$ cat query_19.txt   # compact mmCIF, C-alpha atoms
# COMPACT_ATOMS: atom_id res chain seq x y z
CA MET A 20 16.95 -6.44 27.66
CA ARG A 21 17.77 -4.49 24.50
CA ALA A 22 14.87 -2.77 22.73
CA PRO A 23 13.63 -5.07 20.00
CA GLY A 24 14.34 -4.16 16.38
CA PRO A 25 11.77 -4.21 13.60
CA PRO A 26 9.90 -7.40 12.72
CA ASP A 27 11.92 -9.81 10.60
CA GLN A 28 9.36 -12.58 10.19
CA PHE A 29 6.23 -12.33 8.07
CA SER A 30 4.03 -15.41 8.04
CA PRO A 31 1.36 -15.87 5.39
CA TYR A 32 -1.97 -14.30 6.26
CA ASP A 33 -4.69 -16.54 7.66
CA ALA A 34 -7.11 -16.63 4.72
CA ALA A 35 -10.19 -16.50 6.97
CA THR A 36 -9.11 -13.15 8.38
CA GLN A 37 -8.47 -11.49 4.99
CA PRO A 38 -10.93 -10.76 2.18
CA ALA A 39 -11.54 -13.18 -0.65
CA ALA A 40 -9.84 -11.99 -3.84
CA LEU A 41 -12.94 -12.69 -5.94
CA VAL A 42 -16.30 -11.21 -4.95
CA PRO A 43 -18.84 -12.29 -7.60
CA ASP A 44 -21.16 -9.28 -7.18
CA TYR A 45 -18.21 -6.87 -7.22
CA LYS A 46 -17.54 -7.49 -10.88
CA GLU A 47 -14.28 -5.57 -11.11
CA THR A 48 -12.67 -8.27 -8.97
CA LEU A 49 -13.31 -10.83 -11.70
CA THR A 50 -11.26 -9.15 -14.45
CA ARG A 51 -8.44 -7.69 -12.38
CA ASN A 52 -7.19 -10.68 -10.46
CA PRO A 53 -4.81 -13.24 -11.91
CA ALA A 54 -6.41 -16.44 -13.19
CA ARG A 55 -3.30 -18.45 -12.37
CA ALA A 56 -2.36 -19.46 -8.85
CA LEU A 57 -0.13 -17.10 -6.91
CA VAL A 58 3.47 -18.38 -6.67
CA ALA A 59 4.98 -19.27 -3.29
CA ARG A 60 8.41 -17.73 -2.77
CA PRO A 61 10.87 -17.50 0.09
CA ALA A 62 11.11 -14.25 2.04
CA THR A 63 14.47 -12.57 1.48
CA LEU A 64 15.98 -9.30 2.62
CA THR A 65 13.93 -7.37 0.05
CA GLU A 66 10.70 -8.60 1.62
CA ILE A 67 11.64 -7.96 5.26
CA THR A 68 12.89 -4.40 4.67
CA GLY A 69 11.03 -1.26 3.66
CA PRO A 70 11.42 2.51 3.49
CA THR A 71 12.46 3.96 6.85
CA HIS A 72 12.06 7.70 6.23
CA LEU A 73 9.09 7.80 3.93
CA ALA A 74 8.04 11.24 5.20
CA ARG A 75 10.95 12.67 3.20
CA LYS A 76 8.97 11.76 0.07
CA LEU A 77 5.46 12.05 1.48
CA PRO A 78 4.68 15.27 3.39
CA THR A 79 2.90 14.60 6.68
CA GLY A 80 1.27 16.73 9.39
CA MET A 81 -2.13 16.86 7.68
CA HIS A 82 -4.39 15.59 10.45
CA ASP A 83 -7.47 17.80 10.06
CA LEU A 84 -9.58 16.80 7.07
CA SER A 85 -12.55 18.85 8.21
CA ARG A 86 -11.24 22.18 6.90
CA LYS A 87 -8.93 23.48 4.24
CA ASN A 88 -6.85 25.68 6.50
CA PRO A 89 -6.42 25.82 10.27
CA ASP A 90 -8.52 28.99 10.72
CA GLY A 91 -11.02 28.24 7.98
CA PRO A 92 -14.65 27.18 8.29
CA ARG A 93 -15.36 23.54 8.99
CA ALA A 94 -17.01 21.16 6.55
CA MET A 95 -20.66 20.24 7.13
CA GLY A 96 -21.53 17.04 8.93
CA GLN A 97 -20.89 15.36 12.24
CA HIS A 98 -17.39 16.19 13.38
CA ILE A 99 -15.48 13.18 14.49
CA LEU A 100 -12.11 12.30 15.87
CA VAL A 101 -10.50 9.04 14.75
CA ARG A 102 -7.56 7.79 16.74
CA GLY A 103 -5.80 4.59 17.48
CA ARG A 104 -2.52 2.74 17.44
CA LEU A 105 -0.54 1.10 14.70
CA LEU A 106 0.76 -2.20 16.06
CA ASP A 107 2.56 -5.25 14.73
CA GLU A 108 1.78 -8.90 15.46
CA ASP A 109 3.97 -8.80 18.57
CA GLY A 110 1.73 -6.02 19.89
CA LEU A 111 4.56 -3.49 19.64
CA PRO A 112 3.91 0.05 18.38
CA VAL A 113 4.97 0.91 14.84
CA ARG A 114 6.63 4.28 15.36
CA GLY A 115 7.12 7.12 12.92
CA SER A 116 5.13 5.34 10.25
CA VAL A 117 3.14 7.10 7.53
CA ILE A 118 -0.66 6.77 7.69
CA GLU A 119 -2.78 8.08 4.82
CA LEU A 120 -6.52 8.50 5.25
CA TRP A 121 -9.23 9.58 2.80
CA HIS A 122 -13.01 9.38 2.56
CA ALA A 123 -16.21 10.81 1.13
CA ASN A 124 -17.77 14.00 2.52
CA ALA A 125 -20.85 14.00 4.74
CA ALA A 126 -23.08 13.77 1.66
CA GLY A 127 -21.25 10.70 0.37
CA ARG A 128 -19.17 12.35 -2.34
CA TYR A 129 -15.43 12.10 -2.91
CA LEU A 130 -13.26 15.02 -3.85
CA HIS A 131 -12.01 13.06 -6.86
CA PRO A 132 -12.49 13.35 -10.64
CA MET A 133 -13.76 9.73 -10.66
CA ASP A 134 -16.76 10.85 -8.58
CA ALA A 135 -17.74 13.76 -10.86
CA GLN A 136 -21.03 12.06 -11.85
CA SER A 137 -22.25 11.84 -8.27
CA PRO A 138 -25.49 13.79 -7.65
CA ALA A 139 -24.31 14.49 -4.08
CA PRO A 140 -22.91 17.98 -3.43
CA LEU A 141 -19.28 18.86 -2.91
CA ASP A 142 -18.34 20.70 0.27
CA ASP A 143 -15.94 23.58 -0.35
CA ASN A 144 -14.53 23.35 3.14
CA PHE A 145 -13.83 19.62 3.14
CA LEU A 146 -10.20 18.62 2.62
CA GLY A 147 -11.02 14.95 2.11
CA SER A 148 -7.63 13.41 2.82
CA GLY A 149 -4.75 13.61 5.23
CA ARG A 150 -1.40 12.08 6.08
CA VAL A 151 0.32 11.80 9.46
CA LEU A 152 3.16 9.98 11.20
CA THR A 153 2.53 7.69 14.15
CA ASP A 154 4.15 8.81 17.42
CA GLN A 155 6.47 6.92 19.78
CA GLU A 156 3.55 4.83 21.03
CA GLY A 157 2.34 4.09 17.52
CA ARG A 158 -0.57 6.50 17.96
CA TYR A 159 -2.28 8.43 15.20
CA GLU A 160 -5.15 10.90 15.27
CA PHE A 161 -7.33 12.55 12.64
CA VAL A 162 -10.10 15.14 12.92
CA THR A 163 -12.70 14.96 10.19
CA VAL A 164 -16.43 14.71 9.50
CA LYS A 165 -18.35 11.46 9.39
CA PRO A 166 -18.54 10.28 5.77
CA GLY A 167 -21.91 9.67 4.15
CA ALA A 168 -23.06 6.45 2.52
CA TYR A 169 -23.34 6.32 -1.28
CA PRO A 170 -24.59 3.97 -3.98
CA VAL A 171 -21.83 2.40 -6.08
CA PRO A 172 -22.19 3.81 -9.62
CA ASN A 173 -23.13 1.44 -12.44
CA HIS A 174 -24.05 -1.32 -10.07
CA ALA A 175 -27.34 -2.93 -11.04
CA GLU A 176 -28.06 -4.40 -7.61
CA ARG A 177 -27.92 -1.00 -5.89
CA TRP A 178 -24.93 -1.75 -3.74
CA TRP A 179 -24.65 0.98 -1.13
CA ARG A 180 -21.31 1.55 0.52
CA PRO A 181 -21.75 2.17 4.26
CA PRO A 182 -19.86 5.14 5.71
CA HIS A 183 -16.20 4.16 5.67
CA ILE A 184 -12.72 5.64 5.82
CA HIS A 185 -9.86 4.42 3.63
CA ILE A 186 -6.60 3.94 5.52
CA SER A 187 -3.20 3.25 3.97
CA VAL A 188 -0.32 2.19 6.23
CA PHE A 189 3.24 1.13 5.54
CA GLY A 190 4.58 -0.52 8.68
CA GLU A 191 8.25 -1.46 8.81
CA GLY A 192 8.74 -3.67 5.78
CA PHE A 193 7.53 -4.49 2.28
CA MET A 194 5.47 -7.34 3.75
CA SER A 195 3.65 -5.11 6.24
CA ARG A 196 2.11 -2.78 3.63
CA LEU A 197 -1.64 -2.58 4.20
CA VAL A 198 -4.54 -0.65 2.73
CA THR A 199 -7.77 -1.15 4.60
CA GLN A 200 -11.12 0.49 5.31
CA MET A 201 -12.57 1.51 8.67
CA PHE A 202 -16.31 1.13 9.24
CA PHE A 203 -18.61 2.70 11.83
CA PRO A 204 -20.25 0.55 14.50
CA GLY A 205 -23.94 -0.28 14.18
CA ASP A 206 -24.58 0.90 10.64
CA PRO A 207 -27.16 -1.40 8.99
CA LEU A 208 -25.35 -1.06 5.65
CA ASN A 209 -22.36 -2.83 7.22
CA GLU A 210 -24.42 -6.04 7.13
CA VAL A 211 -24.74 -6.03 3.35
CA ASP A 212 -21.54 -4.34 2.17
CA LEU A 213 -19.68 -6.49 -0.35
CA ILE A 214 -16.26 -5.30 0.77
CA LEU A 215 -16.63 -5.70 4.53
CA ASN A 216 -18.38 -9.05 4.07
CA ALA A 217 -15.67 -10.39 1.76
CA VAL A 218 -13.81 -11.24 4.98
CA PRO A 219 -15.11 -14.71 5.92
CA ASP A 220 -14.36 -14.58 9.64
CA ALA A 221 -16.69 -12.49 11.84
CA LYS A 222 -13.77 -11.61 14.13
CA GLY A 223 -11.86 -10.42 11.07
CA ARG A 224 -14.75 -8.17 10.04
CA ALA A 225 -14.95 -6.82 13.59
CA ARG A 226 -11.31 -5.70 13.22
CA MET A 227 -12.45 -3.27 10.52
CA VAL A 228 -15.13 -1.64 12.66
CA ALA A 229 -14.14 1.26 14.92
CA ARG A 230 -15.26 1.58 18.53
CA GLN A 231 -17.17 4.67 19.55
CA THR A 232 -15.68 6.26 22.66
CA ALA A 233 -17.35 8.09 25.50
CA MET A 234 -18.18 11.69 24.64
CA MET A 235 -16.37 13.05 27.70
CA ASP A 236 -13.05 11.97 26.20
CA MET A 237 -13.34 14.48 23.38
CA PRO A 238 -11.14 17.59 23.22
CA VAL A 239 -13.91 19.52 21.48
CA LEU A 240 -17.51 19.33 22.66
CA ASN A 241 -19.28 18.54 19.43
CA MET A 242 -17.00 15.72 18.30
CA VAL A 243 -17.83 12.05 18.37
CA GLY A 244 -14.74 9.95 19.00
CA TYR A 245 -13.76 6.65 17.41
CA GLU A 246 -10.91 4.39 18.46
CA HIS A 247 -9.43 2.18 15.79
CA ASP A 248 -6.24 0.17 16.20
CA ILE A 249 -4.60 -1.22 13.09
CA VAL A 250 -2.40 -4.31 13.15
CA VAL A 251 0.14 -4.87 10.39
CA ARG A 252 1.87 -8.13 9.70
CA GLY A 253 5.29 -8.79 11.23
CA GLU A 254 6.86 -10.50 14.23
CA ARG A 255 10.35 -10.91 15.64
CA SER A 256 12.16 -14.21 15.28
CA THR A 257 14.30 -13.55 18.38
CA PRO A 258 12.72 -13.51 21.85
CA PHE A 259 12.21 -10.23 23.63
CA GLU A 260 10.22 -9.06 26.62
CA LYS A 261 6.61 -8.93 25.47
CA PRO A 262 4.64 -5.83 26.42
CA HIS A 263 2.03 -6.34 29.10
CA ALA A 264 -1.27 -5.82 27.40
CA MET B 28 -3.66 -12.00 25.95
CA SER B 29 -3.90 -13.46 22.49
CA LYS B 30 -1.54 -12.43 19.75
CA PRO B 31 -2.74 -9.47 17.64
CA VAL B 32 -4.10 -10.51 14.25
CA PRO B 33 -3.46 -8.33 11.18
CA THR B 34 -6.30 -6.04 10.20
CA PRO B 35 -8.02 -7.23 7.00
CA SER B 36 -7.04 -5.60 3.75
CA ALA B 37 -9.69 -3.80 1.68
CA THR B 38 -9.59 -2.43 -1.82
CA VAL B 39 -8.04 1.00 -2.40
CA GLY B 40 -11.13 1.67 -4.51
CA PRO B 41 -11.28 4.24 -7.31
CA PHE B 42 -10.86 7.37 -5.17
CA PHE B 43 -7.23 7.35 -3.98
CA PRO B 44 -6.47 11.08 -3.71
CA PRO B 45 -4.64 12.35 -6.82
CA HIS B 46 -2.63 14.81 -4.75
CA TYR B 47 -1.06 11.92 -2.84
CA PHE B 48 1.19 11.58 -5.87
CA GLY B 49 3.86 14.23 -5.51
CA ALA B 50 6.31 15.28 -8.21
CA GLY B 51 9.26 12.95 -7.92
CA ASP B 52 7.39 10.13 -6.22
CA ASN B 53 8.05 7.99 -9.29
CA ASP B 54 11.74 8.96 -9.37
CA LEU B 55 13.68 6.78 -6.96
CA SER B 56 17.03 8.25 -8.02
CA PHE B 57 16.75 11.02 -5.44
CA ILE B 58 14.93 11.51 -2.13
CA ASP B 59 13.96 15.11 -1.51
CA ASP B 60 16.77 17.03 -3.17
CA ALA B 61 17.10 16.32 -6.88
CA ALA B 62 20.67 17.67 -6.80
CA GLN B 63 21.69 14.80 -4.53
CA ARG B 64 21.37 11.85 -6.84
CA ALA B 65 21.70 8.25 -5.75
CA GLN B 66 24.79 6.34 -6.85
CA GLY B 67 24.64 3.91 -9.71
CA GLN B 68 23.35 3.48 -13.22
CA ARG B 69 20.12 5.39 -13.75
CA ILE B 70 17.32 3.38 -15.25
CA TYR B 71 13.93 4.20 -16.74
CA ILE B 72 11.07 1.69 -16.75
CA ALA B 73 7.83 2.26 -18.63
CA GLY B 74 4.85 0.12 -19.52
CA ARG B 75 1.14 -0.36 -19.21
CA VAL B 76 -1.11 -2.24 -16.83
CA TYR B 77 -3.84 -4.39 -18.40
CA GLU B 78 -6.78 -6.24 -16.93
CA ALA B 79 -8.49 -9.21 -18.62
CA ASN B 80 -8.88 -9.12 -22.42
CA ARG B 81 -6.00 -6.64 -22.72
CA VAL B 82 -8.11 -3.74 -21.49
CA PRO B 83 -5.80 -0.99 -20.22
CA ARG B 84 -6.25 -0.57 -16.48
CA TRP B 85 -5.97 3.05 -15.50
CA ASN B 86 -6.16 4.49 -11.99
CA THR B 87 -4.03 1.65 -10.65
CA ILE B 88 -1.38 2.35 -8.02
CA LEU B 89 2.09 0.87 -8.40
CA GLU B 90 4.69 0.99 -5.65
CA LEU B 91 8.30 -0.08 -6.06
CA TRP B 92 10.77 -1.30 -3.44
CA GLN B 93 14.39 -2.14 -4.24
CA ALA B 94 17.97 -2.21 -2.96
CA ASP B 95 20.47 0.52 -3.80
CA ALA B 96 23.18 0.18 -6.45
CA ASN B 97 25.31 -1.87 -4.05
CA GLY B 98 22.53 -4.20 -3.00
CA CYS B 99 21.99 -2.53 0.39
CA PHE B 100 18.82 -1.45 2.18
CA ALA B 101 18.79 1.50 4.59
CA HIS B 102 16.83 -0.64 7.07
CA PRO B 103 17.84 -2.20 10.41
CA ASN B 104 17.14 -5.71 9.12
CA ASP B 105 19.98 -5.39 6.59
CA PRO B 106 23.34 -6.25 8.22
CA ARG B 107 24.94 -3.95 5.59
CA ALA B 108 22.58 -1.04 6.28
CA ALA B 109 25.47 1.21 7.35
CA GLN B 110 26.83 1.05 3.81
CA ALA B 111 23.52 2.06 2.22
CA ASP B 112 23.48 5.10 -0.08
CA PRO B 113 22.15 8.08 1.95
CA ASN B 114 20.58 9.55 -1.20
CA PHE B 115 18.54 6.48 -1.97
CA MET B 116 15.32 5.47 -0.25
CA GLY B 117 14.32 2.61 -2.53
CA TRP B 118 10.62 3.43 -2.61
CA GLY B 119 8.48 5.02 -5.33
CA ARG B 120 4.84 5.33 -6.31
CA ARG B 121 2.96 6.06 -9.50
CA TRP B 122 -0.61 5.77 -10.75
CA THR B 123 -1.46 4.50 -14.20
CA GLU B 124 -2.87 6.95 -16.75
CA ASN B 125 -5.88 6.54 -19.06
CA ASP B 126 -4.11 4.06 -21.33
CA GLY B 127 -2.68 2.16 -18.36
CA PHE B 128 0.68 3.91 -18.80
CA PHE B 129 3.21 4.15 -15.98
CA ASP B 130 6.87 5.05 -15.76
CA PHE B 131 9.58 5.18 -13.11
CA VAL B 132 13.13 6.48 -12.89
CA SER B 133 15.52 4.69 -10.54
CA VAL B 134 19.02 3.29 -10.31
CA LYS B 135 19.85 -0.29 -11.15
CA PRO B 136 19.72 -2.28 -7.89
CA GLY B 137 22.70 -4.40 -6.90
CA GLY B 138 22.39 -8.09 -6.15
CA TYR B 139 23.25 -9.37 -2.68
CA LEU B 140 23.93 -12.48 -0.65
CA ASP B 141 20.66 -13.00 1.18
CA PRO B 142 21.16 -13.74 4.88
CA LEU B 143 17.76 -15.46 5.19
CA THR B 144 18.13 -18.06 2.45
CA GLY B 145 21.93 -18.04 2.12
CA GLN B 146 21.43 -17.60 -1.63
CA MET B 147 22.42 -14.83 -4.03
CA ARG B 148 19.63 -12.48 -5.05
CA ALA B 149 19.99 -11.20 -8.60
CA PRO B 150 19.22 -7.48 -9.14
CA HIS B 151 15.45 -7.09 -8.80
CA ILE B 152 12.63 -4.68 -7.98
CA ASN B 153 9.56 -5.58 -5.92
CA VAL B 154 6.26 -4.17 -7.17
CA SER B 155 2.92 -3.76 -5.34
CA VAL B 156 -0.20 -3.34 -7.48
CA MET B 157 -3.27 -1.82 -5.82
CA GLY B 158 -6.56 -0.55 -7.16
CA SER B 159 -10.28 -0.88 -7.51
CA GLY B 160 -11.27 -4.55 -7.84
CA LEU B 161 -8.21 -5.72 -5.93
CA MET B 162 -9.26 -6.61 -2.40
CA ARG B 163 -5.62 -7.24 -1.53
CA ARG B 164 -2.55 -5.92 -3.27
CA LEU B 165 -0.83 -8.04 -5.87
CA VAL B 166 2.94 -8.41 -5.58
CA THR B 167 5.49 -9.29 -8.19
CA THR B 168 9.23 -8.89 -8.78
CA LEU B 169 11.01 -7.55 -11.86
CA PHE B 170 14.41 -8.79 -13.03
CA PHE B 171 17.03 -7.44 -15.44
CA PRO B 172 17.92 -8.99 -18.81
CA GLY B 173 21.16 -10.88 -19.27
CA GLU B 174 21.92 -11.28 -15.58
CA PRO B 175 23.83 -14.51 -14.98
CA GLY B 176 22.35 -14.70 -11.47
CA ASN B 177 18.72 -14.75 -12.58
CA ALA B 178 18.43 -18.53 -12.98
CA ALA B 179 19.70 -19.22 -9.43
CA ASP B 180 17.73 -16.40 -7.81
CA PRO B 181 15.36 -18.12 -5.33
CA VAL B 182 12.37 -15.93 -6.23
CA PHE B 183 12.93 -16.14 -10.00
CA ALA B 184 13.42 -19.91 -9.69
CA ALA B 185 10.18 -20.24 -7.71
CA VAL B 186 8.22 -19.13 -10.81
CA GLY B 187 9.42 -22.27 -12.60
CA ASP B 188 7.82 -21.96 -16.02
CA PRO B 189 10.33 -20.21 -18.37
CA ALA B 190 7.54 -18.46 -20.30
CA ALA B 191 6.22 -16.98 -17.05
CA GLN B 192 9.75 -16.07 -15.90
CA ALA B 193 10.28 -14.18 -19.17
CA ARG B 194 7.36 -11.90 -18.29
CA LEU B 195 9.28 -10.69 -15.24
CA ILE B 196 12.36 -9.64 -17.20
CA LEU B 197 12.62 -5.98 -18.19
CA LYS B 198 13.04 -5.50 -21.95
CA PRO B 199 15.67 -3.04 -23.23
CA ALA B 200 13.83 -0.44 -25.30
CA LYS B 201 14.30 2.95 -26.93
CA LEU B 202 11.94 5.21 -24.99
CA GLU B 203 11.59 8.89 -25.77
CA ARG B 204 10.72 9.92 -22.24
CA ALA B 205 13.79 8.27 -20.71
CA PRO B 206 16.16 10.78 -19.08
CA ALA B 207 19.57 11.27 -20.75
CA GLY B 208 22.00 8.59 -19.69
CA ALA B 209 19.37 6.24 -18.30
CA LEU B 210 19.09 2.65 -19.45
CA ALA B 211 15.51 2.31 -20.69
CA TYR B 212 13.34 -0.75 -20.23
CA ALA B 213 9.78 -1.64 -21.16
CA LEU B 214 7.53 -3.93 -19.16
CA ASP B 215 3.78 -4.46 -19.18
CA ILE B 216 1.93 -5.79 -16.17
CA VAL B 217 -0.93 -8.07 -17.21
CA LEU B 218 -3.29 -8.73 -14.32
CA GLN B 219 -5.19 -11.48 -16.11
CA GLY B 220 -4.89 -13.23 -19.48
CA GLU B 221 -2.79 -15.48 -21.70
CA ASP B 222 0.41 -13.58 -21.00
CA GLU B 223 -0.47 -12.92 -17.36
CA THR B 224 2.30 -11.56 -15.13
CA PRO B 225 3.27 -14.05 -12.44
CA PHE B 226 2.29 -12.79 -8.98
CA PHE B 227 3.49 -14.10 -5.65
CA ILE B 228 1.71 -15.06 -2.46
CA ASP B 229 1.88 -11.94 -0.35
$ encode --input "query_19.txt" --output "structure tokens"
Amino acid sequence: MRAPGPPDQFSPYDAATQPAALVPDYKETLTRNPARALVARPATLTEITGPTHLARKLPTGMHDLSRKNPDGPRAMGQHILVRGRLLDEDGLPVRGSVIELWHANAAGRYLHPMDAQSPAPLDDNFLGSGRVLTDQEGRYEFVTVKPGAYPVPNHAERWWRPPHIHISVFGEGFMSRLVTQMFFPGDPLNEVDLILNAVPDAKGRARMVARQTAMMDMPVLNMVGYEHDIVVRGERSTPFEKPHA
Amino acid sequence: MSKPVPTPSATVGPFFPPHYFGAGDNDLSFIDDAAQRAQGQRIYIAGRVYEANRVPRWNTILELWQADANGCFAHPNDPRAAQADPNFMGWGRRWTENDGFFDFVSVKPGGYLDPLTGQMRAPHINVSVMGSGLMRRLVTTLFFPGEPGNAADPVFAAVGDPAAQARLILKPAKLERAPAGALAYALDIVLQGEDETPFFID
């Protein structure tokens, strides 16, 4: 059987598995979301296509966030390796797809002008963001340091963000674009985070939490490994031989 | 083995790395070599993003996706992909500045006969809006003024209300920053309010 092409069918998301648009205690959601109902529209060619060679616009190959140059000193904090696969709803790998990843340093501070008021220190050796392409099996891999938690500025209720990593993926069509966050297993702050808990379904929330791998799998001794697969929307309307999972 | 379920979306938050925006990311009229311009009429689109109460919303990320000047996509799902302009990718990205300002350079997309619906799509540009306070992206579609195909376009028609449809139509404007020879258009994106931009179910 011929190798299947890209997904051409994008069903609406199951609301229980995606976050609520409005989160009352996250007040920015209340003024930035439309008050009117979203309009249903048919999917056309524009929706089921997307950029195929995005790396020509977005330079990739930046997979080590833990230092500013390959021979330079490493940032402070627990070194970690984050890897996983980018898959579609048929369970097929999304190949050659851009993945962008950014997060706070080990002290809980972002390398970003918006975080200039943070009392947490910057780390001169921390790169803070990276961008890679998935391989032929849809795999991606980043080396970094474990981000710290931080209190959300100007939030009266003292909302602390648990350690998390922002991940931006494109998939193979306009309808597969996804920006998500990856959380670390077992952190007590996960239980009270407004963003993670905006997803109603417990199984949905679990899909945002990475799995810690056995230490012996690590290429470097002092790294803790995390596996995190990401699934983007999209299936094929024509039958093909499903991969054995 | 159950079918994989899409990973939940989460807000981009306020800290999307500024260096992710490269020079030329908001210019769709070339890919990586500015000397190799895409075919077609160059266009320039500028406007502001507002949240509720007409407060300019800065630090918002906009991404565009559109067909080339002949209505083709360089993507395997387009039966006409082989005819697609090799100097056109169709994708661009821009963040909004302190006053909510954004601008893009592109070429005017062509319309096409859509193989999924069997209907004609009028020239249009898909827009994703992402940022702090948006747990999921918002998506909308921009149309061009005076296009006879707008009324019958299945996405434009789905909006229904003529006042809401009008908010999706680019407005011809004299804009100083427009490149020479580009048709200039203004369009504001209003996330919430009286003159709210219509957004579609993603």
$ closest_atom_pairs --input "query_19.txt" --of "chain B" --to "chain A" --cutoff "6 Å" --atoms "only C-alpha atoms" --output "JSON lines"
{"residue": "B:Pro31", "atom": "CA", "partner": "A:Glu108", "partner_atom": "CA", "distance": 5.1}
{"residue": "B:Pro33", "atom": "CA", "partner": "A:Val250", "partner_atom": "CA", "distance": 4.6}
{"residue": "B:Thr34", "atom": "CA", "partner": "A:Val250", "partner_atom": "CA", "distance": 5.2}
{"residue": "B:Pro35", "atom": "CA", "partner": "A:Gln37", "partner_atom": "CA", "distance": 4.7}
{"residue": "B:Ser36", "atom": "CA", "partner": "A:Thr199", "partner_atom": "CA", "distance": 4.6}
{"residue": "B:Ala37", "atom": "CA", "partner": "A:Thr199", "partner_atom": "CA", "distance": 4.4}
{"residue": "B:Glu78", "atom": "CA", "partner": "A:Arg51", "partner_atom": "CA", "distance": 5.1}
{"residue": "B:Ala79", "atom": "CA", "partner": "A:Thr50", "partner_atom": "CA", "distance": 5.0}
{"residue": "B:His102", "atom": "CA", "partner": "A:Thr68", "partner_atom": "CA", "distance": 6.0}
{"residue": "B:Leu143", "atom": "CA", "partner": "A:Thr63", "partner_atom": "CA", "distance": 5.7}
{"residue": "B:Gly160", "atom": "CA", "partner": "A:Thr48", "partner_atom": "CA", "distance": 4.1}
{"residue": "B:Leu161", "atom": "CA", "partner": "A:Thr48", "partner_atom": "CA", "distance": 6.0}
{"residue": "B:Met162", "atom": "CA", "partner": "A:Ala40", "partner_atom": "CA", "distance": 5.6}
{"residue": "B:Val182", "atom": "CA", "partner": "A:Arg60", "partner_atom": "CA", "distance": 5.6}
{"residue": "B:Ala185", "atom": "CA", "partner": "A:Arg60", "partner_atom": "CA", "distance": 5.8}
{"residue": "B:Leu218", "atom": "CA", "partner": "A:Pro53", "partner_atom": "CA", "distance": 5.3}
{"residue": "B:Gln219", "atom": "CA", "partner": "A:Pro53", "partner_atom": "CA", "distance": 4.6}
{"residue": "B:Phe226", "atom": "CA", "partner": "A:Leu57", "partner_atom": "CA", "distance": 5.4}
{"residue": "B:Phe227", "atom": "CA", "partner": "A:Val58", "partner_atom": "CA", "distance": 4.4}
{"residue": "B:Ile228", "atom": "CA", "partner": "A:Leu57", "partner_atom": "CA", "distance": 5.2}
$ closest_residue --input "query_19.txt" --among "A:Pro258, A:Arg128, A:Pro170, A:Gln136" --to "Asp212 of chain A" --atoms "all atoms listed in the file"
A:Pro170
$ residues_around --input "query_19.txt" --residues "Ala109 of chain B" --least-positions-apart "4" --cutoff "9 Å" --atoms "all atoms listed in the file" --output "MDAnalysis selection string"
chainID B and resid 99:103 105
$ write_last_selection --input "query_19.txt" --atoms "C-alpha atoms" --output "PDB file, in the frame of the given file"
ATOM      1  CA  CYS B  99      21.990  -2.530   0.390  1.00  0.00           C
ATOM      2  CA  PHE B 100      18.820  -1.450   2.180  1.00  0.00           C
ATOM      3  CA  ALA B 101      18.790   1.500   4.590  1.00  0.00           C
ATOM      4  CA  HIS B 102      16.830  -0.640   7.070  1.00  0.00           C
ATOM      5  CA  PRO B 103      17.840  -2.200  10.410  1.00  0.00           C
ATOM      6  CA  ASP B 105      19.980  -5.390   6.590  1.00  0.00           C
TER       7      ASP B 105
END
$ atom_distance --input "query_19.txt" --atom1 "atom CA of Ala221 of chain A" --atom2 "atom CA of Ser256 of chain A"
29.1 Å
$ residues_around --input "query_19.txt" --residues "Leu100 of chain A" --least-positions-apart "5" --cutoff "8 Å" --atoms "all atoms listed in the file" --output "PDB file with C-alpha atoms, in the frame of the given file"
ATOM      1  CA  GLU A 160      -5.150  10.900  15.270  1.00  0.00           C
ATOM      2  CA  PHE A 161      -7.330  12.550  12.640  1.00  0.00           C
ATOM      3  CA  VAL A 162     -10.100  15.140  12.920  1.00  0.00           C
ATOM      4  CA  THR A 163     -12.700  14.960  10.190  1.00  0.00           C
ATOM      5  CA  MET A 237     -13.340  14.480  23.380  1.00  0.00           C
ATOM      6  CA  MET A 242     -17.000  15.720  18.300  1.00  0.00           C
ATOM      7  CA  VAL A 243     -17.830  12.050  18.370  1.00  0.00           C
ATOM      8  CA  GLY A 244     -14.740   9.950  19.000  1.00  0.00           C
ATOM      9  CA  TYR A 245     -13.760   6.650  17.410  1.00  0.00           C
TER      10      TYR A 245
END
$ atom_distance --input "query_19.txt" --atom1 "atom CA of Val39 of chain B" --atom2 "atom CA of Phe189 of chain A"
13.8 Å
